[in-house]
Amino acid sequence: MRRLLACGLAALLLAGCGSRTDGWAQPRPMPAPIGTLGTGFVDPSAPPTPEGTITPAPGSWDGVRPARGYRVVLLTKGTDAPTTALVTAVRSWADAARVDLRTVTAGADPIADITRAIGMHPDLIVSAGNELVDPLAVVTASHLAQPFLVVGAELAEPTHNVTAVDWAGASFRGEGLGASSAYDAASFTPERCDAAIRAGAAAVLTGLTGIVVWLS
């Protein structure tokens with residue numbers, strides 16, 4: 001009897017694990033966001049053009065959050081302090097918003113790792129780390145149905161599925177390319193990184209994609 005009960009419990013546990021895995025097995029329509037953008041996030045009479053830049057009023061993104069269970073892959077590469085600060089902010093946001101977060105740490109072949117993240121069928125891929133900018137520029141245009149959010153950097157020529165969040169000190173655009181501000185590792189404060197993921201996610205959730213969100 002004990003053996004039968006143990007086998008039954010093991011089967012239930014395996015079924016539970018399988019259902020969690022299966023929850024990401026297929027792509028799905030993006031869940032509707034909760035809430036609305038505040039005044040000053042964007043001018044409704046002059047929506048941003050593709051590859052344009054908006055400078056939202058501080059905190060105007062606070063009223064928007066993802067639906068519970070929103071699927072996010074955190075794609076990261078690098079152990080420098082700015083990347084670590086961004087990763088910490090993304091994980092904190094995901095925990096507070098009850099996002100279903102999984103992490104892909106890119107290795108020697110970041111293009112393969114980006115492709116692996118896409119294959120997980122997330123609602124959003126969030127990229128943290130300047131080392132991912134050039135590989136993302138290679139991959140993202142071939143996967144237009146997959147939304148990406150780059151925090152603390154940007155792609156030089158983003159397609160409509162790539163949104164970025166920058167600020168003075170964080171505007172890396174790829175090797176050999178100019179930036180709108182000089183890189184400053186000290187600008188990646190916890191407060192700035194927290195605002196970056198929240199503002200960027202609010203933009204993506206409300207359909208303001210393919211642009212740069214510039215934090216003042």
# chains A, B, ... in the order shown; residues from 1 in each chain; ligands from 1

$ residues_around --residues "Ile211 (chain A)" --least-positions-apart "3" --cutoff "9 Å" --atoms "only C-alpha atoms" --output "list in words"
Pro48, Thr49, Pro50, Glu51, Gly52, Thr53, Ile54, Pro158, Thr159, His160, Val162, Thr163, Ala164, Val165, Ala203 and Leu208 of chain A

$ residues_around --residues "Phe41 (chain A)" --least-positions-apart "4" --cutoff "6 Å" --atoms "only C-alpha atoms" --output "list in words"
Pro56, Ala57 and Ser60 of chain A

$ select_by_dssp --residues "region 76-204 of chain A" --states "strand (DSSP E or B)" --output "PyMOL selection string"
chain A and resi 76+100-105+124-128+148-151+153+162-167+170+172

$ closest_residue --among "A:Ala137, A:Ala117, A:Ile111, A:Ala195" --to "Ser92 (chain A)" --atoms "only C-alpha atoms"
A:Ala195

$ select_by_dssp --residues "region 59-194 of chain A" --states "helix (DSSP H, G or I)" --output "PyMOL selection string"
chain A and resi 81-97+110-119+130-142+185-187+190-194

$ residues_around --residues "Val64 (chain A)" --least-positions-apart "6" --cutoff "6 Å" --atoms "only C-alpha atoms" --output "PyMOL selection string"
chain A and resi 34-37+202

$ write_last_selection --atoms "all heavy atoms" --output "CSV table (one decimal), in the first residue's frame"
chain,number,residue,atom,x,y,z
A,34,ILE,N,-2.6,45.4,-17.5
A,34,ILE,CA,-3.5,46.0,-16.5
A,34,ILE,C,-3.2,47.4,-16.3
A,34,ILE,O,-2.0,47.8,-16.1
A,34,ILE,CB,-3.4,45.2,-15.2
A,34,ILE,CG1,-3.8,43.7,-15.4
A,34,ILE,CG2,-4.3,45.8,-14.1
A,34,ILE,CD1,-3.5,42.8,-14.3
A,35,GLY,N,-4.2,48.3,-16.3
A,35,GLY,CA,-4.0,49.7,-16.1
A,35,GLY,C,-3.7,50.5,-17.4
A,35,GLY,O,-3.8,50.0,-18.5
A,36,THR,N,-3.5,51.8,-17.2
A,36,THR,CA,-3.2,52.7,-18.3
A,36,THR,C,-2.0,53.6,-18.0
A,36,THR,O,-1.7,53.8,-16.8
A,36,THR,CB,-4.5,53.6,-18.5
A,36,THR,OG1,-4.8,54.3,-17.3
A,36,THR,CG2,-5.7,52.8,-19.0
A,37,LEU,N,-1.5,54.1,-19.1
A,37,LEU,CA,-0.3,55.1,-18.9
A,37,LEU,C,-0.8,56.4,-18.3
A,37,LEU,O,-1.9,56.8,-18.6
A,37,LEU,CB,0.3,55.3,-20.3
A,37,LEU,CG,1.0,54.1,-20.9
A,37,LEU,CD1,1.4,54.5,-22.4
A,37,LEU,CD2,2.3,53.8,-20.1
A,202,ALA,N,6.1,49.1,-19.7
A,202,ALA,CA,4.9,49.8,-19.9
A,202,ALA,C,4.7,50.2,-21.4
A,202,ALA,O,3.6,50.1,-22.0
A,202,ALA,CB,4.8,51.0,-19.1

$ closest_residue --among "A:Leu136, A:Val213, A:Ala170, A:Ala179" --to "Asp109 (chain A)" --atoms "only C-alpha atoms"
A:Leu136

$ residues_around --residues "region 148-152 of chain A" --least-positions-apart "5" --cutoff "8 Å" --atoms "only C-alpha atoms" --output "PyMOL selection string"
chain A and resi 86+124-130+140+161-167+170-172+188+193+196-197+200-201+204

$ closest_residue --among "A:Thr55, A:Thr88, A:Gln26, A:Ser181" --to "Ser216 (chain A)" --atoms "only C-alpha atoms"
A:Thr55

$ residues_around --residues "Pro27 (chain A)" --least-positions-apart "2" --cutoff "10 Å" --atoms "only C-alpha atoms" --output "NGL selection string"
:A and (23-25 or 29-30 or 118-123 or 145-146)

$ atom_distance --atom1 "CA of Leu75 (chain A)" --atom2 "CA of Pro47 (chain A)"
28.9 Å

$ residues_around --residues "region 97-102 of chain A" --least-positions-apart "4" --cutoff "6 Å" --atoms "only C-alpha atoms" --output "list of chain:residue names"
A:Arg68, A:Gly69, A:Tyr70, A:Arg71, A:Val72, A:Val73

$ decode --residues "region 57-70 of chain A" --atoms "all heavy atoms" --output "PDB file, in the first residue's frame"
ATOM      1  N   ALA A  57       7.313  61.477 -18.749  1.00  0.00           N
ATOM      2  CA  ALA A  57       7.391  62.107 -17.437  1.00  0.00           C
ATOM      3  C   ALA A  57       7.689  61.040 -16.383  1.00  0.00           C
ATOM      4  O   ALA A  57       7.155  59.931 -16.452  1.00  0.00           O
ATOM      5  CB  ALA A  57       6.071  62.805 -17.114  1.00  0.00           C
ATOM      6  N   PRO A  58       8.550  61.345 -15.421  1.00  0.00           N
ATOM      7  CA  PRO A  58       8.882  60.348 -14.394  1.00  0.00           C
ATOM      8  C   PRO A  58       7.629  59.810 -13.708  1.00  0.00           C
ATOM      9  O   PRO A  58       6.747  60.566 -13.299  1.00  0.00           O
ATOM     10  CB  PRO A  58       9.752  61.151 -13.415  1.00  0.00           C
ATOM     11  CG  PRO A  58      10.382  62.216 -14.252  1.00  0.00           C
ATOM     12  CD  PRO A  58       9.320  62.601 -15.253  1.00  0.00           C
ATOM     13  N   GLY A  59       7.554  58.505 -13.606  1.00  0.00           N
ATOM     14  CA  GLY A  59       6.432  57.869 -12.934  1.00  0.00           C
ATOM     15  C   GLY A  59       5.185  57.705 -13.776  1.00  0.00           C
ATOM     16  O   GLY A  59       4.217  57.089 -13.315  1.00  0.00           O
ATOM     17  N   SER A  60       5.180  58.217 -15.012  1.00  0.00           N
ATOM     18  CA  SER A  60       3.983  58.119 -15.849  1.00  0.00           C
ATOM     19  C   SER A  60       3.716  56.677 -16.285  1.00  0.00           C
ATOM     20  O   SER A  60       2.651  56.379 -16.827  1.00  0.00           O
ATOM     21  CB  SER A  60       4.115  59.022 -17.079  1.00  0.00           C
ATOM     22  OG  SER A  60       5.259  58.683 -17.855  1.00  0.00           O
ATOM     23  N   TRP A  61       4.652  55.795 -16.037  1.00  0.00           N
ATOM     24  CA  TRP A  61       4.512  54.379 -16.380  1.00  0.00           C
ATOM     25  C   TRP A  61       3.984  53.540 -15.212  1.00  0.00           C
ATOM     26  O   TRP A  61       3.713  52.347 -15.371  1.00  0.00           O
ATOM     27  CB  TRP A  61       5.860  53.833 -16.823  1.00  0.00           C
ATOM     28  CG  TRP A  61       6.980  54.162 -15.873  1.00  0.00           C
ATOM     29  CD1 TRP A  61       7.301  53.531 -14.700  1.00  0.00           C
ATOM     30  CD2 TRP A  61       7.926  55.238 -16.006  1.00  0.00           C
ATOM     31  NE1 TRP A  61       8.374  54.125 -14.096  1.00  0.00           N
ATOM     32  CE2 TRP A  61       8.785  55.181 -14.879  1.00  0.00           C
ATOM     33  CE3 TRP A  61       8.146  56.227 -16.962  1.00  0.00           C
ATOM     34  CZ2 TRP A  61       9.839  56.077 -14.687  1.00  0.00           C
ATOM     35  CZ3 TRP A  61       9.185  57.127 -16.770  1.00  0.00           C
ATOM     36  CH2 TRP A  61      10.017  57.044 -15.656  1.00  0.00           C
ATOM     37  N   ASP A  62       3.835  54.134 -14.050  1.00  0.00           N
ATOM     38  CA  ASP A  62       3.516  53.358 -12.845  1.00  0.00           C
ATOM     39  C   ASP A  62       2.145  52.688 -12.886  1.00  0.00           C
ATOM     40  O   ASP A  62       1.920  51.701 -12.179  1.00  0.00           O
ATOM     41  CB  ASP A  62       3.592  54.250 -11.599  1.00  0.00           C
ATOM     42  CG  ASP A  62       5.022  54.629 -11.234  1.00  0.00           C
ATOM     43  OD1 ASP A  62       5.950  53.937 -11.706  1.00  0.00           O
ATOM     44  OD2 ASP A  62       5.213  55.610 -10.489  1.00  0.00           O
ATOM     45  N   GLY A  63       1.237  53.201 -13.703  1.00  0.00           N
ATOM     46  CA  GLY A  63      -0.118  52.660 -13.722  1.00  0.00           C
ATOM     47  C   GLY A  63      -0.302  51.447 -14.612  1.00  0.00           C
ATOM     48  O   GLY A  63      -1.417  50.923 -14.701  1.00  0.00           O
ATOM     49  N   VAL A  64       0.744  50.997 -15.261  1.00  0.00           N
ATOM     50  CA  VAL A  64       0.636  49.853 -16.179  1.00  0.00           C
ATOM     51  C   VAL A  64       1.478  48.694 -15.645  1.00  0.00           C
ATOM     52  O   VAL A  64       2.629  48.882 -15.255  1.00  0.00           O
ATOM     53  CB  VAL A  64       1.120  50.230 -17.599  1.00  0.00           C
ATOM     54  CG1 VAL A  64       1.106  49.009 -18.507  1.00  0.00           C
ATOM     55  CG2 VAL A  64       0.262  51.330 -18.175  1.00  0.00           C
ATOM     56  N   ARG A  65       0.885  47.521 -15.655  1.00  0.00           N
ATOM     57  CA  ARG A  65       1.625  46.318 -15.259  1.00  0.00           C
ATOM     58  C   ARG A  65       1.142  45.140 -16.090  1.00  0.00           C
ATOM     59  O   ARG A  65       0.034  45.156 -16.631  1.00  0.00           O
ATOM     60  CB  ARG A  65       1.461  46.024 -13.772  1.00  0.00           C
ATOM     61  CG  ARG A  65       0.067  45.613 -13.344  1.00  0.00           C
ATOM     62  CD  ARG A  65       0.015  45.399 -11.832  1.00  0.00           C
ATOM     63  NE  ARG A  65      -1.228  44.790 -11.388  1.00  0.00           N
ATOM     64  CZ  ARG A  65      -2.334  45.461 -11.144  1.00  0.00           C
ATOM     65  NH1 ARG A  65      -2.366  46.773 -11.315  1.00  0.00           N
ATOM     66  NH2 ARG A  65      -3.416  44.825 -10.722  1.00  0.00           N
ATOM     67  N   PRO A  66       1.964  44.119 -16.221  1.00  0.00           N
ATOM     68  CA  PRO A  66       1.561  42.944 -17.000  1.00  0.00           C
ATOM     69  C   PRO A  66       0.535  42.108 -16.251  1.00  0.00           C
ATOM     70  O   PRO A  66       0.425  42.183 -15.017  1.00  0.00           O
ATOM     71  CB  PRO A  66       2.868  42.176 -17.176  1.00  0.00           C
ATOM     72  CG  PRO A  66       3.696  42.574 -15.995  1.00  0.00           C
ATOM     73  CD  PRO A  66       3.340  43.995 -15.708  1.00  0.00           C
ATOM     74  N   ALA A  67      -0.204  41.305 -17.001  1.00  0.00           N
ATOM     75  CA  ALA A  67      -1.106  40.344 -16.379  1.00  0.00           C
ATOM     76  C   ALA A  67      -0.278  39.306 -15.626  1.00  0.00           C
ATOM     77  O   ALA A  67       0.858  39.004 -15.992  1.00  0.00           O
ATOM     78  CB  ALA A  67      -1.967  39.668 -17.443  1.00  0.00           C
ATOM     79  N   ARG A  68      -0.860  38.769 -14.571  1.00  0.00           N
ATOM     80  CA  ARG A  68      -0.161  37.743 -13.801  1.00  0.00           C
ATOM     81  C   ARG A  68       0.161  36.552 -14.705  1.00  0.00           C
ATOM     82  O   ARG A  68      -0.669  36.114 -15.496  1.00  0.00           O
ATOM     83  CB  ARG A  68      -1.043  37.291 -12.636  1.00  0.00           C
ATOM     84  CG  ARG A  68      -0.367  36.299 -11.707  1.00  0.00           C
ATOM     85  CD  ARG A  68      -1.204  36.046 -10.479  1.00  0.00           C
ATOM     86  NE  ARG A  68      -0.576  35.110  -9.571  1.00  0.00           N
ATOM     87  CZ  ARG A  68      -1.021  34.810  -8.360  1.00  0.00           C
ATOM     88  NH1 ARG A  68      -2.126  35.391  -7.922  1.00  0.00           N
ATOM     89  NH2 ARG A  68      -0.385  33.945  -7.593  1.00  0.00           N
ATOM     90  N   GLY A  69       1.385  36.051 -14.598  1.00  0.00           N
ATOM     91  CA  GLY A  69       1.806  34.936 -15.426  1.00  0.00           C
ATOM     92  C   GLY A  69       2.393  35.342 -16.771  1.00  0.00           C
ATOM     93  O   GLY A  69       2.732  34.472 -17.581  1.00  0.00           O
ATOM     94  N   TYR A  70       2.530  36.635 -17.015  1.00  0.00           N
ATOM     95  CA  TYR A  70       3.185  37.141 -18.229  1.00  0.00           C
ATOM     96  C   TYR A  70       4.547  36.467 -18.351  1.00  0.00           C
ATOM     97  O   TYR A  70       5.330  36.423 -17.397  1.00  0.00           O
ATOM     98  CB  TYR A  70       3.327  38.651 -18.080  1.00  0.00           C
ATOM     99  CG  TYR A  70       3.823  39.423 -19.264  1.00  0.00           C
ATOM    100  CD1 TYR A  70       3.047  39.581 -20.403  1.00  0.00           C
ATOM    101  CD2 TYR A  70       5.063  40.064 -19.210  1.00  0.00           C
ATOM    102  CE1 TYR A  70       3.493  40.344 -21.476  1.00  0.00           C
ATOM    103  CE2 TYR A  70       5.518  40.836 -20.267  1.00  0.00           C
ATOM    104  CZ  TYR A  70       4.723  40.966 -21.403  1.00  0.00           C
ATOM    105  OH  TYR A  70       5.177  41.732 -22.451  1.00  0.00           O
TER     106      TYR A  70
END
